[in-house]
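Report on the following structure.
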Amino acid sequence: MKGILAVNHFLNRKKYCVLHNHLLKSARKAGIDLALKTNLELSTENSEADFVLFWDKDINLANRMEKEGLPVFNSSKSIELCDDKAKTYIELLGKVRQPETIIAPKIYFKSDLEPFAEKAGEILGYPLVFKECFGSFGEQVFLCRSKPDILSHISTRPFLLQKFIGESAGHDIRIEVVGGKVAAAMERQNKNDFRANITNGGTAKPYTPTSDEEKTALTACRELGLNFGGIDILDGNIFCEANSNAHIINIMECTGVDIAPLIFEEIRKNI
């Protein structure tokens, strides 16, 4: 079996290289000939393979490869739903518990959104969470304590505002799901930041999720069409975020569970 590991040419820091090498090594152990290709290379070539493990968010490229007949994991639609936090929120409305959320109106250039910020602050209360719709590792996520705080973060990039879940400040659960089953989970804690991400200085320990937390993670993955993914859950079993290509090295180092072989097993079942 031959596959392509599609990655971003412009994300080449050590943590990405470690992850990519781990996936390549795991594929070899599974008897899969997996070739690493960047989106820069793939943008100008037509590739032949049995599948594509798409570890990037270049949605147009993933969609194009699907149109060319290549099975892509996760699908371009699922990646798109997870990459855009507003789309994630809308897709999961009524399916899982989520923080009260208000999506900012679309703008085409720097605009006066003070009336929106004013009304959103009245509805959600302060502090509230400002999230740009696109971003990873807790970046572009801010805690706002006033309307001027909100306005200071507004650019032309799409964003949403969420009610702050104070009891979960600096704390969440990451649950890895593969093939409709919970594979591993860890509890993340950051005493110096309201974001629990390990990249922002958080620590992690193995965790056994409750049945309700498992249900939330499995429901989110099913509704978003994910063959595999990392689901972040706040205290009170409140869905926070879905990751279509989570950084599986962290959870492996924390729990000892290697997600990579499970991913390749899931791919084999689906092609």
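Chains: A, B, ... in order of the structure tokens. Residues: from 1 per chain. Ligands: from 1, in order shown.
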Determine, counting only C-alpha atoms, which protein, DNA and RNA residues have an atom within 7 Å of an atom of Asn243 of chain A; residues of the same chain fewer than 6 positions away are not included. Present the result as a PyMOL selection string.
chain A and resi 82+229-231
Would you output that residue set with all heavy atoms, as a compact mmCIF listing (two decimals), in the first residue's frame?
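What ended up in result-v5.txt:
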# COMPACT_ATOMS: atom_id res chain seq x y z
N CYS A 82 -13.35 21.89 11.07
CA CYS A 82 -12.56 22.01 12.29
C CYS A 82 -11.67 23.25 12.27
O CYS A 82 -11.40 23.85 13.32
CB CYS A 82 -11.68 20.78 12.49
SG CYS A 82 -12.60 19.27 12.83
N GLY A 229 -9.37 12.36 15.46
CA GLY A 229 -9.28 13.76 15.87
C GLY A 229 -9.10 13.92 17.36
O GLY A 229 -9.34 12.98 18.13
N GLY A 230 -8.66 15.10 17.76
CA GLY A 230 -8.50 15.43 19.17
C GLY A 230 -9.58 16.41 19.58
O GLY A 230 -9.72 17.48 18.97
N ILE A 231 -10.35 16.06 20.59
CA ILE A 231 -11.46 16.89 21.05
C ILE A 231 -11.11 17.47 22.43
O ILE A 231 -10.75 16.73 23.34
CB ILE A 231 -12.77 16.07 21.15
CG1 ILE A 231 -13.08 15.39 19.80
CG2 ILE A 231 -13.92 16.98 21.59
CD1 ILE A 231 -13.26 16.34 18.65
Please provide the set of residues having any atom within 9 Å of Val96 of chain A, restricted to only C-alpha atoms, with same-chain residues fewer than 2 positions apart removed, written as a list in words.
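Returned residues: Leu92, Leu93, Gly94, Gln98, Lys215, Thr216, Ala217, Thr219, Ala220, Asn237, Ile238 and Phe239 of chain A.
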Spatial neighbours of segment 28-36 of chain A, max dist 9 Å, only C-alpha atoms, sep filter under 6 positions, as a list of chain:residue names
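My list of contacting residues is A:Met1, A:Lys2, A:Gly3, A:Ile4, A:Leu5, A:Ala6, A:Val7, A:His20, A:Val52, A:Leu53, A:Pro261, A:Phe264, A:Glu265.
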Quick check for you: according to DSSP on this backbone, which residues of segment 68-247 of chain A are classed as helix (DSSP H, G or I)? Reply as JSON, numbers by chain.
{"A": [76, 77, 78, 79, 80, 81, 82, 83, 85, 86, 87, 88, 89, 90, 91, 114, 115, 116, 117, 118, 119, 120, 121, 122, 123, 124, 147, 148, 149, 150, 151, 152, 153, 166, 167, 168, 198, 199, 200, 211, 212, 213, 214, 215, 216, 217, 218, 219, 220, 221, 222, 223, 224]}
List the spatial neighbours of segment 101-115 of chain A as a list of chain:residue names - criterion: any atom at most 8 Å away, only C-alpha atoms, same-chain residues fewer than 5 positions off excluded.
A:Ala86, A:Tyr89, A:Ala120, A:Lys147, A:Leu151, A:Ser155, A:Thr156, A:Pro158, A:Phe159, A:Leu160, A:Leu161, A:Gln162, A:Lys163
Quick one: residues within 9 Å of segment 127-139 of chain A, only C-alpha atoms, excluding same-chain residues fewer than 6 positions away - as a PyMOL selection string?
chain A and resi 83-87+121+145-146+150+153-154+157-166+195-200+243
Go ahead and save the residues from that selection, with N, CA and C atoms, as a compact mmCIF listing (two decimals), in the first residue's frame.
# COMPACT_ATOMS: atom_id res chain seq x y z
N ASP A 83 -11.21 23.62 11.08
CA ASP A 83 -10.27 24.74 10.97
C ASP A 83 -10.93 26.08 11.28
N ASP A 84 -12.19 26.20 10.92
CA ASP A 84 -12.95 27.44 11.14
C ASP A 84 -13.82 27.27 12.39
N LYS A 85 -13.47 27.95 13.46
CA LYS A 85 -14.18 27.77 14.73
C LYS A 85 -15.65 28.16 14.64
N ALA A 86 -15.97 29.09 13.77
CA ALA A 86 -17.37 29.45 13.59
C ALA A 86 -18.14 28.30 12.95
N LYS A 87 -17.55 27.67 11.95
CA LYS A 87 -18.21 26.54 11.30
C LYS A 87 -18.33 25.36 12.26
N GLY A 121 -20.88 42.13 24.59
CA GLY A 121 -20.46 42.21 25.98
C GLY A 121 -21.63 42.18 26.93
N ARG A 145 -11.64 41.71 29.13
CA ARG A 145 -12.31 42.15 30.35
C ARG A 145 -13.14 43.41 30.14
N SER A 146 -13.15 43.92 28.92
CA SER A 146 -13.89 45.15 28.64
C SER A 146 -14.10 45.30 27.14
N ILE A 150 -11.90 44.00 23.56
CA ILE A 150 -12.42 43.37 22.34
C ILE A 150 -11.95 44.16 21.12
N HIS A 153 -8.42 43.76 19.62
CA HIS A 153 -8.03 42.52 18.92
C HIS A 153 -8.69 42.40 17.54
N ILE A 154 -9.59 43.29 17.20
CA ILE A 154 -10.31 43.17 15.94
C ILE A 154 -9.44 43.64 14.78
N ARG A 157 -9.69 39.88 10.11
CA ARG A 157 -9.83 38.43 10.20
C ARG A 157 -11.11 38.06 10.94
N PRO A 158 -11.82 37.00 10.50
CA PRO A 158 -13.07 36.61 11.16
C PRO A 158 -12.82 36.15 12.60
N PHE A 159 -13.80 36.41 13.47
CA PHE A 159 -13.64 36.02 14.87
C PHE A 159 -15.00 35.76 15.49
N LEU A 160 -14.96 35.19 16.68
CA LEU A 160 -16.17 34.99 17.45
C LEU A 160 -15.87 35.31 18.91
N LEU A 161 -16.93 35.51 19.68
CA LEU A 161 -16.82 35.77 21.11
C LEU A 161 -17.57 34.69 21.86
N GLN A 162 -17.01 34.24 22.98
CA GLN A 162 -17.64 33.18 23.76
C GLN A 162 -17.71 33.54 25.24
N LYS A 163 -18.72 33.02 25.88
CA LYS A 163 -18.83 33.16 27.33
C LYS A 163 -17.65 32.46 27.99
N PHE A 164 -17.03 33.10 28.95
CA PHE A 164 -15.88 32.54 29.64
C PHE A 164 -16.35 31.53 30.68
N ILE A 165 -15.83 30.31 30.58
CA ILE A 165 -16.15 29.26 31.55
C ILE A 165 -15.11 29.34 32.66
N GLY A 166 -15.39 30.17 33.66
CA GLY A 166 -14.41 30.49 34.67
C GLY A 166 -13.89 29.29 35.44
N ARG A 195 -5.61 29.56 29.02
CA ARG A 195 -5.55 28.53 28.00
C ARG A 195 -4.72 27.36 28.52
N ALA A 196 -5.23 26.15 28.36
CA ALA A 196 -4.55 24.98 28.93
C ALA A 196 -3.51 24.37 28.00
N ASN A 197 -3.40 24.87 26.78
CA ASN A 197 -2.51 24.26 25.78
C ASN A 197 -1.10 24.07 26.31
N ILE A 198 -0.52 22.93 25.99
CA ILE A 198 0.85 22.63 26.41
C ILE A 198 1.83 23.62 25.78
N THR A 199 1.55 24.04 24.55
CA THR A 199 2.40 25.01 23.87
C THR A 199 2.51 26.31 24.66
N ASN A 200 1.47 26.64 25.41
CA ASN A 200 1.46 27.88 26.19
C ASN A 200 1.97 27.67 27.61
N ASN A 243 -9.84 19.17 16.74
CA ASN A 243 -8.59 19.22 15.98
C ASN A 243 -8.55 18.07 14.99
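From atom CA of Gly170 of chain A back to atom CA of Lys191 of chain A, the distance works out to 6.1 Å.
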Give me every strand (DSSP E) residue in segment 75-215 of chain A, going by DSSP on the backbone, as a ChimeraX atom specification.
/A:101-103,128-132,141-144,159-163,171-178,181-189,203-206
For the selection just defined, write its residues with N, CA, C and O atoms to a file, as a short mmCIF file (atom, residue, chain, number, x, y, z; two decimals), in the first residue's frame.
data_model
loop_
_atom_site.label_atom_id
_atom_site.label_comp_id
_atom_site.auth_asym_id
_atom_site.auth_seq_id
_atom_site.Cartn_x
_atom_site.Cartn_y
_atom_site.Cartn_z
N THR A 101 -22.06 31.49 22.37
CA THR A 101 -21.15 32.00 21.34
C THR A 101 -21.85 33.01 20.44
O THR A 101 -23.01 32.80 20.06
N ILE A 102 -21.15 34.07 20.09
CA ILE A 102 -21.65 35.05 19.13
C ILE A 102 -20.60 35.23 18.04
O ILE A 102 -19.45 35.58 18.33
N ILE A 103 -20.99 34.97 16.81
CA ILE A 103 -20.07 35.07 15.68
C ILE A 103 -20.11 36.48 15.12
O ILE A 103 -21.18 37.04 14.87
N LEU A 128 -14.86 37.77 28.77
CA LEU A 128 -15.31 36.87 27.71
C LEU A 128 -14.09 36.47 26.88
O LEU A 128 -13.02 37.05 27.01
N VAL A 129 -14.27 35.46 26.05
CA VAL A 129 -13.16 34.93 25.25
C VAL A 129 -13.30 35.38 23.80
O VAL A 129 -14.36 35.20 23.19
N PHE A 130 -12.25 35.97 23.29
CA PHE A 130 -12.15 36.39 21.90
C PHE A 130 -11.35 35.33 21.16
O PHE A 130 -10.22 35.01 21.55
N LYS A 131 -11.91 34.77 20.09
CA LYS A 131 -11.20 33.76 19.29
C LYS A 131 -11.25 34.15 17.82
O LYS A 131 -12.34 34.32 17.26
N GLU A 132 -10.09 34.30 17.21
CA GLU A 132 -10.08 34.36 15.75
C GLU A 132 -10.52 32.99 15.25
O GLU A 132 -10.23 31.96 15.86
N VAL A 141 -6.24 33.59 20.64
CA VAL A 141 -7.32 33.45 21.62
C VAL A 141 -6.98 34.36 22.79
O VAL A 141 -5.89 34.28 23.36
N PHE A 142 -7.92 35.24 23.15
CA PHE A 142 -7.64 36.25 24.16
C PHE A 142 -8.77 36.35 25.17
O PHE A 142 -9.94 36.14 24.83
N LEU A 143 -8.43 36.69 26.41
CA LEU A 143 -9.42 36.95 27.43
C LEU A 143 -9.66 38.45 27.50
O LEU A 143 -8.73 39.22 27.73
N CYS A 144 -10.90 38.85 27.26
CA CYS A 144 -11.24 40.28 27.23
C CYS A 144 -12.06 40.65 28.46
O CYS A 144 -13.06 40.00 28.76
N PHE A 159 -13.80 36.41 13.47
CA PHE A 159 -13.64 36.02 14.87
C PHE A 159 -15.00 35.76 15.49
O PHE A 159 -16.05 36.05 14.91
N LEU A 160 -14.96 35.19 16.68
CA LEU A 160 -16.17 34.99 17.45
C LEU A 160 -15.87 35.31 18.91
O LEU A 160 -14.71 35.39 19.32
N LEU A 161 -16.93 35.51 19.68
CA LEU A 161 -16.82 35.77 21.11
C LEU A 161 -17.57 34.69 21.86
O LEU A 161 -18.65 34.25 21.41
N GLN A 162 -17.01 34.24 22.98
CA GLN A 162 -17.64 33.18 23.76
C GLN A 162 -17.71 33.54 25.24
O GLN A 162 -16.85 34.25 25.76
N LYS A 163 -18.72 33.02 25.88
CA LYS A 163 -18.83 33.16 27.33
C LYS A 163 -17.65 32.46 27.99
O LYS A 163 -17.29 31.35 27.61
N HIS A 171 -7.64 24.90 32.38
CA HIS A 171 -7.85 23.46 32.56
C HIS A 171 -8.78 22.92 31.49
O HIS A 171 -9.81 23.52 31.18
N ASP A 172 -8.42 21.79 30.90
CA ASP A 172 -9.32 21.09 29.98
C ASP A 172 -8.91 19.64 29.85
O ASP A 172 -7.93 19.18 30.44
N ILE A 173 -9.69 18.92 29.05
CA ILE A 173 -9.43 17.51 28.76
C ILE A 173 -9.25 17.36 27.25
O ILE A 173 -10.05 17.89 26.48
N ARG A 174 -8.21 16.67 26.82
CA ARG A 174 -8.03 16.33 25.41
C ARG A 174 -8.33 14.85 25.26
O ARG A 174 -7.71 14.00 25.91
N ILE A 175 -9.28 14.54 24.40
CA ILE A 175 -9.65 13.15 24.12
C ILE A 175 -9.35 12.85 22.66
O ILE A 175 -9.84 13.54 21.76
N GLU A 176 -8.53 11.85 22.43
CA GLU A 176 -8.21 11.41 21.07
C GLU A 176 -9.17 10.30 20.67
O GLU A 176 -9.32 9.30 21.38
N VAL A 177 -9.79 10.49 19.51
CA VAL A 177 -10.75 9.52 18.98
C VAL A 177 -10.23 8.99 17.65
O VAL A 177 -9.77 9.77 16.81
N VAL A 178 -10.30 7.69 17.46
CA VAL A 178 -9.93 7.08 16.18
C VAL A 178 -10.98 6.03 15.83
O VAL A 178 -11.28 5.15 16.64
N LYS A 181 -13.90 5.41 18.29
CA LYS A 181 -13.59 4.91 19.63
C LYS A 181 -12.59 5.84 20.32
O LYS A 181 -11.73 6.42 19.66
N VAL A 182 -12.72 5.97 21.62
CA VAL A 182 -11.76 6.76 22.39
C VAL A 182 -10.47 5.97 22.50
O VAL A 182 -10.46 4.82 22.93
N ALA A 183 -9.36 6.60 22.07
CA ALA A 183 -8.07 5.93 22.08
C ALA A 183 -7.22 6.31 23.28
O ALA A 183 -6.45 5.50 23.80
N ALA A 184 -7.31 7.56 23.71
CA ALA A 184 -6.51 8.05 24.83
C ALA A 184 -7.06 9.39 25.28
O ALA A 184 -7.80 10.06 24.54
N ALA A 185 -6.68 9.78 26.49
CA ALA A 185 -7.12 11.08 27.00
C ALA A 185 -6.10 11.61 27.99
O ALA A 185 -5.42 10.84 28.67
N MET A 186 -5.99 12.93 28.04
CA MET A 186 -5.11 13.55 29.02
C MET A 186 -5.78 14.80 29.59
O MET A 186 -6.60 15.44 28.92
N GLU A 187 -5.42 15.11 30.81
CA GLU A 187 -5.90 16.29 31.49
C GLU A 187 -4.81 17.35 31.43
O GLU A 187 -3.66 17.09 31.81
N ARG A 188 -5.14 18.54 30.95
CA ARG A 188 -4.15 19.61 30.81
C ARG A 188 -4.43 20.72 31.81
O ARG A 188 -5.58 21.09 32.03
N GLN A 189 -3.35 21.24 32.37
CA GLN A 189 -3.47 22.28 33.39
C GLN A 189 -2.41 23.35 33.15
O GLN A 189 -1.24 23.04 32.89
N THR A 203 0.78 21.73 31.49
CA THR A 203 1.28 20.39 31.76
C THR A 203 0.14 19.40 31.56
O THR A 203 -1.03 19.78 31.52
N ALA A 204 0.49 18.12 31.46
CA ALA A 204 -0.54 17.12 31.20
C ALA A 204 -0.29 15.86 32.00
O ALA A 204 0.85 15.54 32.35
N LYS A 205 -1.38 15.17 32.29
CA LYS A 205 -1.29 13.86 32.93
C LYS A 205 -2.38 12.97 32.36
O LYS A 205 -3.40 13.46 31.86
N PRO A 206 -2.17 11.64 32.41
CA PRO A 206 -3.19 10.73 31.86
C PRO A 206 -4.54 10.93 32.55
O PRO A 206 -4.60 11.32 33.73
#
Of the residues A:Asp212, A:Asp235, A:Glu100, A:Glu241, which is the one nearest to Ser168 of chain A, using only C-alpha atoms?
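Under the stated criterion, the closest residue is A:Asp235.
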Just how far from atom CA of Glu266 of chain A is atom CA of Asn60 of chain A, in Å to one decimal?
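Answer for the atom CA of Asn60 of chain A to atom CA of Glu266 of chain A separation: 23.7 Å.
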Interatomic distance between atom CA of Asp56 of chain A and atom CA of Ala27 of chain A?
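So the answer is 17.6 Å.
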